[in-house]
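Accompanying notes for the structure given below.
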Amino acid sequence: MQMLRLAAIRLASSFSSSLSLSWRPNRTAKLTMFSSDSNYDDPSPNSTPKSPFSPSEFPHSNTDHQTLFHVLEACKLSSNLRAAAETHSRIIKLGYGTYQSLIAHLISIYASCGCPNLAHKLCNEIPCWDFDLISANLIIATFMKIGAIDIAKKVFHNMPTRDVVSWNSMIGGCVKNARFEEALRIFQEMLSLNVEPDGFTFASVITGCARLGARDHAKWTHGLMIEKKIAINYILGSALIDMYSKCGKIESAKEIFETIQRDDVSVWNALINGLAVHGLALDAIAIFSRMVVENVSPDSITFVGILTACSHCGLVEQGHKYFDSMACYSIQPQLEHYGAMVDLLGRAGCLDEAYSIIKEMPMEPDIVIWRAFLSACRTHRNSDLGEVAIKKIKHLASGDYVLLSNIYCSVNRWDSAERVRDTMKKNGIRKYRGKSWIEMAGAIHQFKAGDVSHLDREAIYKVLEGLIRRAKMEGFSPAVELVLMDVSDEEKEENLNYHSEKLALAYGILKTSPGMEIQITKNLRTCLDCHYWMKVVSRILNRVIIVRDRIRFHRFDGGVCTCGDYW
DNA sequence: AGCTCGCGTT
């Protein structure tokens, strides 16, 4: 059987290289017929032969379903959609169409080969949703992977019995789809039904806490993990380090790092990245040196972390040094390393040098690189290069328009800024609303800009108005040039005043006693105006305010921020 | 028999 499996993999692989390229998605309709049609001739009459299996190679009437399973496994390993479709028709022909596990694997292959429609169709063709346990688990994970959360949920809810893998697939799936709170809810439900969580469960839950930046949840989850005596492998170790870093507890992250086994590079990467988001570039560099001493080879992700750390602190020289040193570790710089360099140079104001890197890099720059460059053009008010960048971004998103408009505003090109706004209006693109959230008494409270949906909204706005008044008395003036709206200055100011992080902060102040630290998480970059405001508020209230934005931590204390206004 | 987990550039 092992021989057959290897042969199948070889076969499928050999065809994946030659045939998958000729595969056209518009044959989809034809393909789906296989599930109800016993004809397994070549589905694409235009292309030449083409069955991946010659009659002598593909076992016929004596083929058992286990063999088919191995063939499907090979198709999956080699991403060979063509061979999978062929095998699908064989499955029908041989009368195995009712074998759930085979169908479940087909669904999984279609989904992972970029044919979600086929996966859906096949799923709908199944008369009743009574998959066996393992097939159902596979289907849940498959649909979660392609973002079809509702289908995954439907399968989960229809299961007569569930095991820990079913729960893990749901929790992990929610985290993958950025539904962190839902993941935590499902975890709670799992516990209340006395299903024993395992290491897989905790890896996902920990990631959910990390992404939420939910300190209380994080600590509680870690405690439970210890109580359950879950062994910490390198995956859980790096997840824990990442969780504490992203929850603002870099000291706890370091503590975990010192107490666990450190023979895997990902544990080091997690800490280096953690130090990077805290703006502790020199510490990140120290960890890098230590890993070399301890004989752990850095990988491509290590360098992404080190370059990011340099970028956030403006360490241009060091960044160059580490980028150049990659060759010593036989690591070829990838797109993301060039991206990090463009970001590093761009932030530091070396726009021409950043542009040279883009022009000279051996691969095609992607949208991430152009966005980093565009963002640097905004920071350093260079509309000419900003226009170069914007032309390279094919499908402009809301944030790109905002950046471009801000660039024009910053160099007083009001007409151009207005043109951008008109284009946005014409294309129905709305300014993306920022979101911030704060954890209070174990619950997550989320705010959007100008949000009035919170139960305590009146008290929140009252606190906010009071803070705004006091900040102004301290000489704070709003950065109205940042607002993308053709309205009066007064209205612009209103807009800035109700940015989501300000609402979240007001709620934090409302619900905590004086002197307590307040931590807020935000989905976008924090704006210049909010950053300035947070500094002032930290001074007048004599409080530590921590804001985690999309890329890093800002710790405001006594009127200064740990980022040193460089971010 | 098969199914579930982490760290990365804007």
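We name chains A, B, ... following the order of the structure tokens; residues begin at 1 in each chain, and ligands are numbered from 1 as shown.
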TODO: May I have the residues of chain A within 8 Å of chain B, counting only C-alpha atoms (C1' of nucleotides), written as a PyMOL selection string?
DONE: chain A and resi 66+101+134-135+137-138+141+165-166+168-169+172+199-204+234-239+242+266-267+269-270+273+301-302+304-305+308+335-340+368-369+371-372
Open item on the list: Using only C-alpha atoms (C1' of nucleotides), which protein or nucleic acid residues come within 12 Å of A:Ser289? Drop anything in the same chain fewer than 5 positions from it, and give the result as a PyMOL selection string.
Closed with: chain A and resi 268+272+282-284+294-298+302+306+322
With N, CA and C atoms retained, write the just-selected residues as an mmCIF file, in the first residue's frame.
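Saved the output as result-v7.cif:
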```cif
data_model
loop_
_atom_site.group_PDB
_atom_site.id
_atom_site.type_symbol
_atom_site.label_atom_id
_atom_site.label_comp_id
_atom_site.auth_asym_id
_atom_site.auth_seq_id
_atom_site.Cartn_x
_atom_site.Cartn_y
_atom_site.Cartn_z
ATOM 1 N N TRP A 268 12.574 32.008 19.025
ATOM 2 C CA TRP A 268 13.414 33.210 18.958
ATOM 3 C C TRP A 268 12.732 34.273 18.105
ATOM 4 N N ILE A 272 11.869 38.125 19.081
ATOM 5 C CA ILE A 272 12.436 39.228 18.282
ATOM 6 C C ILE A 272 11.312 40.109 17.745
ATOM 7 N N LEU A 282 17.229 47.452 20.011
ATOM 8 C CA LEU A 282 18.538 47.002 20.503
ATOM 9 C C LEU A 282 18.414 45.668 21.230
ATOM 10 N N ASP A 283 17.317 45.492 21.969
ATOM 11 C CA ASP A 283 17.075 44.205 22.629
ATOM 12 C C ASP A 283 16.869 43.099 21.592
ATOM 13 N N ALA A 284 16.155 43.439 20.522
ATOM 14 C CA ALA A 284 15.932 42.451 19.457
ATOM 15 C C ALA A 284 17.270 42.040 18.850
ATOM 16 N N GLU A 294 24.010 30.546 20.705
ATOM 17 C CA GLU A 294 23.390 29.286 21.124
ATOM 18 C C GLU A 294 23.147 28.325 19.956
ATOM 19 N N ASN A 295 23.777 28.647 18.830
ATOM 20 C CA ASN A 295 23.736 27.739 17.676
ATOM 21 C C ASN A 295 22.354 27.484 17.087
ATOM 22 N N VAL A 296 21.512 28.476 17.127
ATOM 23 C CA VAL A 296 20.217 28.359 16.443
ATOM 24 C C VAL A 296 20.325 29.208 15.185
ATOM 25 N N SER A 297 20.105 28.593 14.039
ATOM 26 C CA SER A 297 20.259 29.339 12.788
ATOM 27 C C SER A 297 19.056 30.230 12.542
ATOM 28 N N PRO A 298 19.299 31.520 12.258
ATOM 29 C CA PRO A 298 18.182 32.393 11.919
ATOM 30 C C PRO A 298 17.559 31.961 10.596
ATOM 31 N N THR A 302 13.261 35.467 10.918
ATOM 32 C CA THR A 302 14.114 36.175 11.870
ATOM 33 C C THR A 302 14.521 37.529 11.298
ATOM 34 N N ILE A 306 14.042 41.377 12.590
ATOM 35 C CA ILE A 306 15.162 42.291 12.863
ATOM 36 C C ILE A 306 15.029 43.565 12.026
ATOM 37 N N TYR A 322 22.188 44.147 8.583
ATOM 38 C CA TYR A 322 21.523 42.851 8.720
ATOM 39 C C TYR A 322 20.987 42.344 7.386
#
```
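Interatomic distance, atom CA of A:Ala506 to atom CA of A:Val463: 5.8 Å.
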Task: Expected answer as a ChimeraX atom specification: helix (DSSP H, G or I) residues in stretch 245-358 of chain A - done: /A:245-246,250-259,265-277,281-293,300-313,316-329,335-347,351-358
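Interatomic distance, atom CA of A:Ile250 to atom CA of A:Met534: 21.2 Å.
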- [ ] Would you mind reading off the distance between atom CA of A:Gln446 and atom CA of A:Ala504, one decimal, in Å?
- [x] 7.4 Å
TODO: For A:Tyr96, list every protein, DNA or RNA residue within 8 Å, evaluated using only C-alpha atoms (C1' of nucleotides), and leave out those in the same chain fewer than 5 positions away; present the list as JSON, numbers by chain.
DONE: {"A": [65, 91, 102]}
Open item on the list: Please identify the strand (DSSP E or B) residues within stretch 360-464 of chain A (assignment by DSSP from backbone atoms) and present them as a ChimeraX atom specification.
Closed with: /A:435-440,443-448
Task: Who sits within 10 Å of stretch 176-191 of chain A, only C-alpha atoms (C1' of nucleotides), same chain under 2 positions skipped, as a VMD selection string - done: chain A and resid 144 to 149 164 167 to 168 170 to 174 193 to 197 201 to 202 204 to 212 217 221 443 to 444
Residue selection dump (N, CA and C atoms) as a CSV table (one decimal), in the first residue's frame:
```csv
chain,number,residue,atom,x,y,z
A,144,MET,N,-13.6,26.6,6.8
A,144,MET,CA,-13.0,27.7,7.6
A,144,MET,C,-11.8,28.3,6.9
A,145,LYS,N,-11.0,27.4,6.2
A,145,LYS,CA,-9.8,27.9,5.5
A,145,LYS,C,-10.2,28.8,4.4
A,146,ILE,N,-11.3,28.6,3.7
A,146,ILE,CA,-11.6,29.5,2.6
A,146,ILE,C,-12.6,30.5,3.0
A,147,GLY,N,-12.8,30.7,4.3
A,147,GLY,CA,-13.6,31.8,4.8
A,147,GLY,C,-15.1,31.5,4.8
A,148,ALA,N,-15.6,30.3,4.5
A,148,ALA,CA,-17.0,30.0,4.4
A,148,ALA,C,-17.4,29.6,5.8
A,149,ILE,N,-17.4,30.6,6.7
A,149,ILE,CA,-17.7,30.3,8.1
A,149,ILE,C,-19.0,29.7,8.4
A,164,VAL,N,-12.7,16.6,20.4
A,164,VAL,CA,-11.9,17.8,20.6
A,164,VAL,C,-11.4,18.4,19.3
A,167,TRP,N,-14.0,20.8,17.9
A,167,TRP,CA,-14.0,22.1,18.6
A,167,TRP,C,-12.7,22.9,18.2
A,168,ASN,N,-11.6,22.2,18.1
A,168,ASN,CA,-10.4,22.9,17.7
A,168,ASN,C,-10.5,23.5,16.3
A,170,MET,N,-13.2,24.5,14.9
A,170,MET,CA,-14.1,25.7,15.0
A,170,MET,C,-13.3,26.9,15.5
A,171,ILE,N,-12.6,26.6,16.7
A,171,ILE,CA,-11.9,27.7,17.3
A,171,ILE,C,-10.8,28.3,16.4
A,172,GLY,N,-10.0,27.3,15.9
A,172,GLY,CA,-8.9,27.7,15.0
A,172,GLY,C,-9.4,28.4,13.8
A,173,GLY,N,-10.6,28.0,13.3
A,173,GLY,CA,-11.2,28.6,12.1
A,173,GLY,C,-11.6,30.0,12.3
A,174,CYS,N,-12.2,30.2,13.5
A,174,CYS,CA,-12.6,31.6,13.8
A,174,CYS,C,-11.4,32.5,13.9
A,193,LEU,N,-19.1,22.4,28.4
A,193,LEU,CA,-19.6,21.0,28.1
A,193,LEU,C,-18.6,19.9,28.5
A,194,ASN,N,-17.6,20.4,29.3
A,194,ASN,CA,-16.6,19.4,29.8
A,194,ASN,C,-15.8,18.7,28.7
A,195,VAL,N,-15.6,19.3,27.6
A,195,VAL,CA,-14.7,18.8,26.6
A,195,VAL,C,-13.3,19.2,26.9
A,196,GLU,N,-12.4,18.3,27.1
A,196,GLU,CA,-11.1,18.6,27.6
A,196,GLU,C,-10.2,19.2,26.4
A,197,PRO,N,-9.8,20.5,26.6
A,197,PRO,CA,-9.0,21.1,25.6
A,197,PRO,C,-7.6,20.5,25.5
A,201,THR,N,-6.0,23.3,21.0
A,201,THR,CA,-7.0,24.2,21.4
A,201,THR,C,-6.3,25.5,21.9
A,202,PHE,N,-5.3,25.3,22.8
A,202,PHE,CA,-4.7,26.4,23.4
A,202,PHE,C,-3.9,27.2,22.4
A,204,SER,N,-4.7,27.9,19.4
A,204,SER,CA,-5.6,28.8,18.7
A,204,SER,C,-6.2,29.9,19.7
A,205,VAL,N,-6.5,29.5,20.9
A,205,VAL,CA,-7.1,30.4,21.9
A,205,VAL,C,-6.0,31.5,22.2
A,206,ILE,N,-4.8,31.1,22.4
A,206,ILE,CA,-3.7,32.0,22.7
A,206,ILE,C,-3.5,33.0,21.6
A,207,THR,N,-3.6,32.5,20.3
A,207,THR,CA,-3.5,33.4,19.2
A,207,THR,C,-4.6,34.4,19.2
A,208,GLY,N,-5.8,33.9,19.5
A,208,GLY,CA,-7.0,34.8,19.6
A,208,GLY,C,-6.8,35.9,20.6
A,209,CYS,N,-6.3,35.6,21.8
A,209,CYS,CA,-6.0,36.6,22.9
A,209,CYS,C,-4.9,37.5,22.4
A,210,ALA,N,-3.9,37.0,21.7
A,210,ALA,CA,-2.8,37.9,21.2
A,210,ALA,C,-3.4,38.9,20.2
A,211,ARG,N,-4.2,38.5,19.3
A,211,ARG,CA,-4.7,39.4,18.2
A,211,ARG,C,-5.6,40.4,18.9
A,212,LEU,N,-6.4,40.0,19.9
A,212,LEU,CA,-7.2,41.0,20.6
A,212,LEU,C,-6.5,41.9,21.5
A,217,HIS,N,-7.9,38.0,29.5
A,217,HIS,CA,-8.1,36.7,28.8
A,217,HIS,C,-6.8,35.9,28.7
A,221,THR,N,-6.1,32.4,30.3
A,221,THR,CA,-5.9,31.2,29.4
A,221,THR,C,-4.5,30.5,29.7
A,443,ALA,N,-14.4,41.7,29.7
A,443,ALA,CA,-15.2,41.9,28.4
A,443,ALA,C,-14.5,42.9,27.5
A,444,ILE,N,-14.7,42.7,26.2
A,444,ILE,CA,-14.1,43.5,25.2
A,444,ILE,C,-15.1,44.6,24.8
```
Contacts of A:Trp567 at 8 Å (only C-alpha atoms (C1' of nucleotides); same-chain gap of 2+ positions) as a PDB file with N, CA and C atoms, in the first residue's frame:
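Now in result_19.pdb:
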```
ATOM      1  N   HIS A 312      11.343  50.439  12.958  1.00  0.00           N
ATOM      2  CA  HIS A 312      10.562  51.183  13.946  1.00  0.00           C
ATOM      3  C   HIS A 312      11.404  52.129  14.781  1.00  0.00           C
ATOM      4  N   CYS A 313      12.716  51.931  14.749  1.00  0.00           N
ATOM      5  CA  CYS A 313      13.568  52.799  15.558  1.00  0.00           C
ATOM      6  C   CYS A 313      14.476  53.673  14.702  1.00  0.00           C
ATOM      7  N   ARG A 347      10.575  55.478   6.011  1.00  0.00           N
ATOM      8  CA  ARG A 347      10.283  56.125   7.283  1.00  0.00           C
ATOM      9  C   ARG A 347      11.368  57.110   7.669  1.00  0.00           C
ATOM     10  N   CYS A 563       7.676  55.575  21.549  1.00  0.00           N
ATOM     11  CA  CYS A 563       8.096  55.514  20.147  1.00  0.00           C
ATOM     12  C   CYS A 563       8.947  56.731  19.794  1.00  0.00           C
ATOM     13  N   ASP A 565       8.021  59.543  19.027  1.00  0.00           N
ATOM     14  CA  ASP A 565       7.362  60.203  17.890  1.00  0.00           C
ATOM     15  C   ASP A 565       7.874  59.699  16.543  1.00  0.00           C
TER      16      ASP A 565
END
```
